[in-house]
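Novice: Take a look at this one; I'll ask things after.
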Protein chains: 4
Amino acid sequence: MNRNRLEAFSDGVLAIIITIMVLELRVPEEPTWTGLAQELPGFYSYLLSFVYVGIYWNNHHHMLHLAGKINGTILWANLHLLFWLSLFPFTTRWMDESGFPQVPVLVYGINLLLAAVAYYLLESALIRQQGRDGPLARATGRDWKGKVSPAIYLVGIGLSFVNPLLAVAAYTVVAAIWLIPDRRVERFLAAEADRKG
Amino acid sequence: MNRNRLEAFSDGVLAIIITIMVLELRVPEEPTWTGLAQELPGFYSYLLSFVYVGIYWNNHHHMLHLAGKINGTILWANLHLLFWLSLFPFTTRWMDESGFPQVPVLVYGINLLLAAVAYYLLESALIRQQGRDGPLARATGRDWKGKVSPAIYLVGIGLSFVNPLLAVAAYTVVAAIWLIPDRRVERFLAAEADRKG
Amino acid sequence: MNRNRLEAFSDGVLAIIITIMVLELRVPEEPTWTGLAQELPGFYSYLLSFVYVGIYWNNHHHMLHLAGKINGTILWANLHLLFWLSLFPFTTRWMDESGFPQVPVLVYGINLLLAAVAYYLLESALIRQQGRDGPLARATGRDWKGKVSPAIYLVGIGLSFVNPLLAVAAYTVVAAIWLIPDRRVERFLAAEADRKG
Amino acid sequence: MNRNRLEAFSDGVLAIIITIMVLELRVPEEPTWTGLAQELPGFYSYLLSFVYVGIYWNNHHHMLHLAGKINGTILWANLHLLFWLSLFPFTTRWMDESGFPQVPVLVYGINLLLAAVAYYLLESALIRQQGRDGPLARATGRDWKGKVSPAIYLVGIGLSFVNPLLAVAAYTVVAAIWLIPDRRVERFLAAEADRKG
C-alpha cells in the first residue's frame with residue numbers, strides 16, 4: 001500500500017468536508033443586516049468546524065510524513081478517522097438549525113471527542129508498525145495538546161448541562177490551542193538534522 | 001493512457017461519493033435524544049454505505065496496483081464501476097427516507113450486486129489485457145470473497161421478501177467479510193519476493 | 001504554467017460534476033416499483049450526463065497528453081470548457097424535473113453544443129501554441145467525431161420542436177458514437193513509434 | 001511541510017467551490033424561455049463567482065510557483081484565504097435568491113474584499129519567509145491589479161447604496177481586469193532566463 005495514495009485520498013475527503021459545509025449555511029430570511037445577524041450563530045459554527053477540519057488536515061499531514069509502510073490496520077484506522085470527520089457537517093448543521101440547545105451541542109462535542117479518539121488510534125497503529133523507537137513515537141512523545149484536548153471536550157460536554165454556550169466556548173478553546181500549528185514534528189526533524197550535522 | 005491518472009480520477013470520485021452522503025443525513029426533528037434515536041436507521045445506512053465505498057476504494061487500489069497498460073475497454077469498465085458506486089447515495093437515501101420497506105431495501109441490494117458485477121468486469125478486462133499468466137490472474141486466483149459476496153447479496157435480496165431487516169443483515173455480513181482488508185495481493189507480492197530471493 | 005496542475009484541477013472539477021449529479025436525483029415518492037418506474041426518466045438523464053462527462057474526461061486527457069506549454073489563453077479556454085460542463089447538473093435537473101418538455105430539452109442540447117464548441121476552442125488554442133505541424137494538429141487531423149457531433153446536436157435541437165424525445169434520442173446517438181474511446185491519439189503514437197522504429 | 005501537498009489541497013478546495021455553486025442554481029419554475037429568463041440574474045451571479053474562483057486558482061498557482069518553504073504561518077494564511085473563498089457559494093446564493101437588493105450585494109462585495117485581503121496576507125507571509133530580495137518580492141513588485149482591485153471593491157460597496165446593479169458592475173470590472181492572466185510571474189521568469197542566458 002502506497003502512502004501517497006492514502007494521503008491523496010484523505011486530502012480529497014478532507015477538502016470535500018471542509019467545503020460542502022457551506023451548503024448547509026442557511027440564507028438569511030430577509031435581505032437585511034438584521035437577517036444576516038440572525039445567521040451569525042450558524043456562521044460561527046461553520047467557522048469552528050472549518051478550523052477543526054483545517055487542524056486535522058494539518059496534523060494528519062505532519063503525522064503521515066513520519067509514517068512508514070501502510071498495512072491494513074492503518075488503512076482502516078484512517079478510514080475510521082475520516083468517518084467521524086465526515087459527520088462534522090451533520091452535527092454542525094443540527095447544532096445550528098436547532099439553535100444551540102443542550103443535546104445537539106453535547107452531540108457535537110461527542111463528535112469532536114470521537115474524532116480525537118480515532119486520531120489517537122491511527123497514531124497508535126502507525127507507531128506500532130514502526131516500533132517504540134520509530135521516528136513517530138519519538139516525535140509525539142510529549143503530546144500535551146493531544147492529551148489535553150479530550151479532557152477539555154469532556155469538560156465542554158459536562159458544561160452543556162449548565163449552559164450550551166459554555167460548551168461551545170470549551171470547543172473554541174481547543175481549536176485555539178491547535179491553531180498554533182504542531183511544531184513537534186518540525187522540531188524533531190530539525191533536532192535529527194542537528195544530531196547528524 | 002496513464003494508470004496514475006485513472007487512479008487519481010477514481011480516487012476523486014470515490015472520495016466525493018463517500019463524503020456527500022452526509023448531505024443526505026436528515027437532521028433530527030427535535031433537539032433531543034429521542035429525536036436523534038429516530039435517525040439511527042439513517043445513521044446506520046450511512047455507516048454501511050461508507051464502509052462499502054471504503055472497501056471498494058481499498059480493493060480498487062490493490063487491483064490497479066497489479067494492472068498493466070490501460071486501454072479503452074478498461075477505461076470504460078472503470079467508469080461503469082464508478083457509475084454504480086455513484087448511485088449509493090441515491091439508494092441509501094431512498095432506503096432510509098422510506099423507512100426500510102421491502103422494495104427500497106431490495107433495490108439497495110441490487111445496487112450492491114451491480115457494483116460487484118461491474119468490479120468483476122473491470123477485473124476481467126484487466127486480466128484479459130495481461131493474459132492468463134499475468135500477475136493479476138495469479139493474485140486473484142482464489143478470490144473466495146469475490147465469489148461469496150454476490151451469493152450473499154442474492155440471499156439478502158431474497159430475504160427482503162420475508163423481512164427487509166434480514167436483508168440489511170445480509171448486506172452487513174458482506175461488509176464485515178471485506179472489512180478484513182484484501183491480503184491476497186500483499187501475500188502474492190511477498191510470495192513473488194520469496195521466489196526471487 | 002505546469003500541465004500537470006491543469007490536468008489535476010480539471011480532473012477534480014470533472015470528478016465533482018460527475019458525482020454531485022446524483023444529489024439531484026429525486027427519491028421516488030412511494031417505496032414501490034411503480035414509484036421507482038416514475039423516476040426512470042430522471043435516471044436516464046443522469047446516465048446520459050454521466051456518460052457525457054466521462055467522454056469529456058477521456059478526450060480531455062488524450063488531448064492534454066499531446067499538449068505542449070500552457071499559456072494564459074489555454075488556461076482560460078480550459079476554464080471556459082469547465083464552465084459549460086459545470087452546467088450539466090443544472091440543465092439535466094431542469095430537463096428531468098419538468099418532465100422533458102420542449103424548451104428544457106432544447107436547452108440541454110444547447111449546453112451540449114456549447115461544451116463541444118468550448119472543447120474545439122481549447123483544441124485550437126493548444127494547436128496554435130504548437131504550430132500546424134505539432135503532434136496535436138496531426139493527431140486530430142481527421143476528427144470526424146468532433147465534426148459530426150455538433151451537427152447531430154443541431155439536428156436534436158431542431159427535432160425538439162417536433163418531439164422532445166427525438167431530441168433526447170439524437171443526444172444519445174452522439175454519446176454512443178463517443179463511447180467507443182478515441183483511438184486517434186493512440187493510433188498516432190503507435191504510428192510515430194513505427195516510423196522511428 | 002511540502003509545498004505540493006498545500007497546492008493539491010488548495011486545488012481540491014477550489015475545484016469543489018467552483019463546482020458546487022451549480023447546486024445553488026434554481027431550476028426555472030416553468031419550462032419556458034420566460035422561465036429561463038427569470039433565472040438570468042442567478043445565472044449571471046454564478047458566472048461572476050465562477051470567474052472569480054478561476055482567477056484565484058490561476059493567481060494562487062503562479063504565486064506558489066515562486067514560494068519557498070512552507071511554515072505554519074503560511075499554512076494558516078492559506079486556510080484563511082480558502083475560508084473566505086469557501087463563502088462565495090453562500091454570498092452568491094443570498095444575492096441571487098433575494099433578487100440583488102442592497103445589503104446582500106454589499107455583503108458579496110465585502111466577501112470579495114476579504115478574500116483579496118486574505119490573498120494579500122498570504123502573499124506577505126510568503127515574501128517574509130523569502131526575504132525582501134526573494135523571487136516573489138521582485139515578481140510582484142509592481143502589482144497594480146492587486147492594489148486597484150480592493151479600491152474598486154470599495155467603490156462597488158459604496159455604489160450599492162445608490163443602486164446595487166452599479167455595485168455588480170464594479171465587481172464585474174475587477175473580474176474583467178484579472179481575466180487577462182497574470183503575466184508578471186511569467187515575465188519575471190523570462191527576464192531571469194534572459195539575465196542568465
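By convention here, the chains of the C-alpha cells are called A, B, ... in the order presented, each chain's residues are numbered starting at 1, and ligands are numbered starting at 1 in the order presented.
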Is it possible to see chain B as a compact mmCIF listing (two decimals) with C-alpha atoms, in the first residue's frame, once it has been laid onto chain C by a least-squares fit on every C-alpha atom in order?

Specialist:
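Generated file (result30.txt):
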# COMPACT_ATOMS: atom_id res chain seq x y z
CA MET B 1 2.28 27.04 -16.04
CA ASN B 2 2.53 23.39 -15.28
CA ARG B 3 0.47 21.00 -17.42
CA ASN B 4 0.13 18.56 -14.55
CA ARG B 5 -1.60 21.06 -12.33
CA LEU B 6 -4.02 22.01 -15.13
CA GLU B 7 -4.83 18.32 -15.57
CA ALA B 8 -5.24 17.77 -11.84
CA PHE B 9 -7.58 20.75 -11.45
CA SER B 10 -9.65 19.70 -14.48
CA ASP B 11 -9.84 16.13 -13.20
CA GLY B 12 -11.01 17.42 -9.84
CA VAL B 13 -13.77 19.54 -11.36
CA LEU B 14 -14.88 16.72 -13.69
CA ALA B 15 -14.92 14.21 -10.82
CA ILE B 16 -17.10 16.56 -8.78
CA ILE B 17 -19.50 17.29 -11.66
CA ILE B 18 -19.96 13.59 -12.45
CA THR B 19 -20.63 12.79 -8.79
CA ILE B 20 -22.80 15.63 -7.50
CA MET B 21 -25.39 15.01 -10.20
CA VAL B 22 -26.60 12.12 -8.04
CA LEU B 23 -27.69 14.70 -5.44
CA GLU B 24 -30.22 15.95 -7.99
CA LEU B 25 -31.87 12.52 -8.42
CA ARG B 26 -35.26 12.63 -6.74
CA VAL B 27 -36.18 9.86 -4.36
CA PRO B 28 -39.38 8.09 -5.53
CA GLU B 29 -42.48 9.35 -3.80
CA GLU B 30 -43.65 5.90 -2.78
CA PRO B 31 -41.43 2.92 -1.88
CA THR B 32 -42.72 0.68 -4.68
CA TRP B 33 -41.66 -0.46 -8.12
CA THR B 34 -44.24 1.93 -9.56
CA GLY B 35 -42.62 4.76 -7.64
CA LEU B 36 -39.21 3.80 -8.97
CA ALA B 37 -40.53 3.48 -12.52
CA GLN B 38 -41.77 7.06 -12.37
CA GLU B 39 -38.17 8.17 -11.79
CA LEU B 40 -36.79 6.26 -14.77
CA PRO B 41 -36.64 9.39 -16.98
CA GLY B 42 -34.61 11.15 -14.29
CA PHE B 43 -32.41 8.10 -14.05
CA TYR B 44 -31.93 8.09 -17.81
CA SER B 45 -30.94 11.76 -17.94
CA TYR B 46 -28.49 11.07 -15.10
CA LEU B 47 -26.97 8.20 -17.06
CA LEU B 48 -26.73 10.32 -20.22
CA SER B 49 -24.94 13.18 -18.46
CA PHE B 50 -22.70 10.74 -16.59
CA VAL B 51 -21.59 9.23 -19.90
CA TYR B 52 -21.04 12.70 -21.41
CA VAL B 53 -18.80 13.82 -18.54
CA GLY B 54 -16.96 10.50 -18.82
CA ILE B 55 -16.41 11.11 -22.53
CA TYR B 56 -15.10 14.63 -21.90
CA TRP B 57 -12.78 13.38 -19.20
CA ASN B 58 -11.43 10.71 -21.54
CA ASN B 59 -10.95 13.01 -24.54
CA HIS B 60 -9.58 15.84 -22.41
CA HIS B 61 -6.95 13.49 -21.08
CA HIS B 62 -5.92 12.27 -24.53
CA MET B 63 -5.75 15.82 -25.85
CA LEU B 64 -3.66 17.23 -22.99
CA HIS B 65 -1.35 14.25 -23.34
CA LEU B 66 -0.14 15.80 -26.60
CA ALA B 67 -0.19 19.40 -25.35
CA GLY B 68 2.94 21.49 -25.04
CA LYS B 69 3.41 24.54 -22.84
CA ILE B 70 0.38 26.04 -21.12
CA ASN B 71 -0.15 29.77 -21.65
CA GLY B 72 -2.83 32.13 -20.40
CA THR B 73 -5.10 31.59 -23.40
CA ILE B 74 -5.06 27.83 -22.94
CA LEU B 75 -5.76 28.20 -19.26
CA TRP B 76 -8.86 30.31 -19.82
CA ALA B 77 -10.00 28.17 -22.75
CA ASN B 78 -9.86 25.24 -20.33
CA LEU B 79 -11.86 27.09 -17.66
CA HIS B 80 -14.35 28.06 -20.36
CA LEU B 81 -14.86 24.38 -21.17
CA LEU B 82 -15.21 23.52 -17.47
CA PHE B 83 -17.82 26.27 -17.15
CA TRP B 84 -20.16 24.73 -19.71
CA LEU B 85 -19.57 21.25 -18.32
CA SER B 86 -20.35 22.57 -14.84
CA LEU B 87 -23.84 23.48 -16.06
CA PHE B 88 -24.68 19.84 -16.90
CA PRO B 89 -26.10 19.18 -13.41
CA PHE B 90 -28.34 22.25 -13.84
CA THR B 91 -29.66 21.55 -17.34
CA THR B 92 -30.04 17.84 -16.55
CA ARG B 93 -32.10 18.64 -13.47
CA TRP B 94 -34.30 21.10 -15.31
CA MET B 95 -34.99 18.66 -18.15
CA ASP B 96 -35.83 15.91 -15.68
CA GLU B 97 -37.87 17.86 -13.11
CA SER B 98 -40.02 19.50 -15.75
CA GLY B 99 -40.75 16.15 -17.42
CA PHE B 100 -38.81 16.54 -20.71
CA PRO B 101 -40.80 19.34 -22.37
CA GLN B 102 -39.51 21.18 -25.43
CA VAL B 103 -37.59 24.15 -24.03
CA PRO B 104 -35.58 22.36 -21.32
CA VAL B 105 -34.68 19.55 -23.73
CA LEU B 106 -33.58 22.15 -26.28
CA VAL B 107 -31.55 24.00 -23.62
CA TYR B 108 -29.86 20.74 -22.66
CA GLY B 109 -28.88 20.36 -26.32
CA ILE B 110 -27.52 23.92 -26.38
CA ASN B 111 -25.47 23.07 -23.30
CA LEU B 112 -24.04 20.03 -25.10
CA LEU B 113 -23.34 22.17 -28.16
CA LEU B 114 -21.60 24.94 -26.22
CA ALA B 115 -19.44 22.39 -24.39
CA ALA B 116 -18.45 20.98 -27.79
CA VAL B 117 -17.62 24.48 -29.06
CA ALA B 118 -15.56 25.18 -25.93
CA TYR B 119 -13.72 21.90 -26.43
CA TYR B 120 -12.98 22.87 -30.02
CA LEU B 121 -11.68 26.29 -28.92
CA LEU B 122 -9.40 24.64 -26.36
CA GLU B 123 -8.11 22.24 -29.01
CA SER B 124 -7.49 25.17 -31.35
CA ALA B 125 -5.59 27.10 -28.67
CA LEU B 126 -3.43 24.05 -27.99
CA ILE B 127 -2.74 23.55 -31.70
CA ARG B 128 -1.96 27.23 -32.26
CA GLN B 129 0.62 27.09 -29.48
CA GLN B 130 2.32 24.08 -31.13
CA GLY B 131 2.08 25.18 -34.73
CA ARG B 132 0.33 23.39 -37.63
CA ASP B 133 2.92 20.62 -37.65
CA GLY B 134 2.66 19.91 -33.94
CA PRO B 135 1.67 16.46 -32.73
CA LEU B 136 -1.86 17.54 -31.79
CA ALA B 137 -2.62 19.01 -35.22
CA ARG B 138 -1.50 15.82 -36.92
CA ALA B 139 -3.29 13.55 -34.43
CA THR B 140 -6.66 15.28 -34.72
CA GLY B 141 -6.46 15.81 -38.46
CA ARG B 142 -9.37 13.60 -39.38
CA ASP B 143 -11.57 14.30 -36.38
CA TRP B 144 -14.85 13.11 -37.90
CA LYS B 145 -16.48 12.59 -34.50
CA GLY B 146 -15.70 16.14 -33.48
CA LYS B 147 -17.25 17.40 -36.72
CA VAL B 148 -20.30 15.15 -36.70
CA SER B 149 -21.29 15.73 -33.07
CA PRO B 150 -22.30 19.41 -33.31
CA ALA B 151 -24.30 18.60 -36.43
CA ILE B 152 -26.26 15.92 -34.56
CA TYR B 153 -26.76 18.29 -31.62
CA LEU B 154 -28.26 20.79 -34.05
CA VAL B 155 -30.47 18.08 -35.53
CA GLY B 156 -31.56 17.20 -31.98
CA ILE B 157 -32.29 20.84 -31.18
CA GLY B 158 -34.39 21.00 -34.34
CA LEU B 159 -36.19 17.74 -33.52
CA SER B 160 -37.12 19.10 -30.09
CA PHE B 161 -39.74 21.21 -31.91
CA VAL B 162 -41.28 18.02 -33.31
CA ASN B 163 -40.94 15.78 -30.25
CA PRO B 164 -38.53 16.32 -27.35
CA LEU B 165 -37.93 12.57 -27.07
CA LEU B 166 -36.48 12.57 -30.59
CA ALA B 167 -34.02 15.21 -29.41
CA VAL B 168 -33.03 13.02 -26.47
CA ALA B 169 -32.55 10.17 -28.95
CA ALA B 170 -30.19 12.37 -30.98
CA TYR B 171 -28.17 13.26 -27.90
CA THR B 172 -27.98 9.55 -27.10
CA VAL B 173 -26.62 8.80 -30.57
CA VAL B 174 -23.72 11.23 -30.05
CA ALA B 175 -22.91 9.67 -26.68
CA ALA B 176 -22.94 6.24 -28.30
CA ILE B 177 -20.56 7.40 -31.04
CA TRP B 178 -18.08 8.66 -28.47
CA LEU B 179 -18.42 5.73 -26.09
CA ILE B 180 -15.98 3.99 -28.37
CA PRO B 181 -12.92 5.69 -26.95
CA ASP B 182 -10.89 8.04 -29.08
CA ARG B 183 -8.20 5.87 -30.61
CA ARG B 184 -6.80 8.63 -32.84
CA VAL B 185 -4.16 9.68 -30.33
CA GLU B 186 -3.25 6.09 -29.53
CA ARG B 187 -3.02 5.31 -33.25
CA PHE B 188 -0.90 8.39 -33.83
CA LEU B 189 1.52 7.44 -31.09
CA ALA B 190 1.75 3.92 -32.48
CA ALA B 191 2.39 5.29 -35.98
CA GLU B 192 5.08 7.63 -34.65
CA ALA B 193 6.72 4.70 -32.88
CA ASP B 194 6.59 2.73 -36.14
CA ARG B 195 8.17 5.51 -38.16
CA LYS B 196 11.04 5.84 -35.72
CA GLY B 197 11.46 2.09 -35.21

Novice: Select from segment 37-79 of chain B everything DSSP, run on the backbone, classes as alpha helix (DSSP H), then give the selection as a ChimeraX atom specification.

Specialist: /B:37-38,40-65,72-79
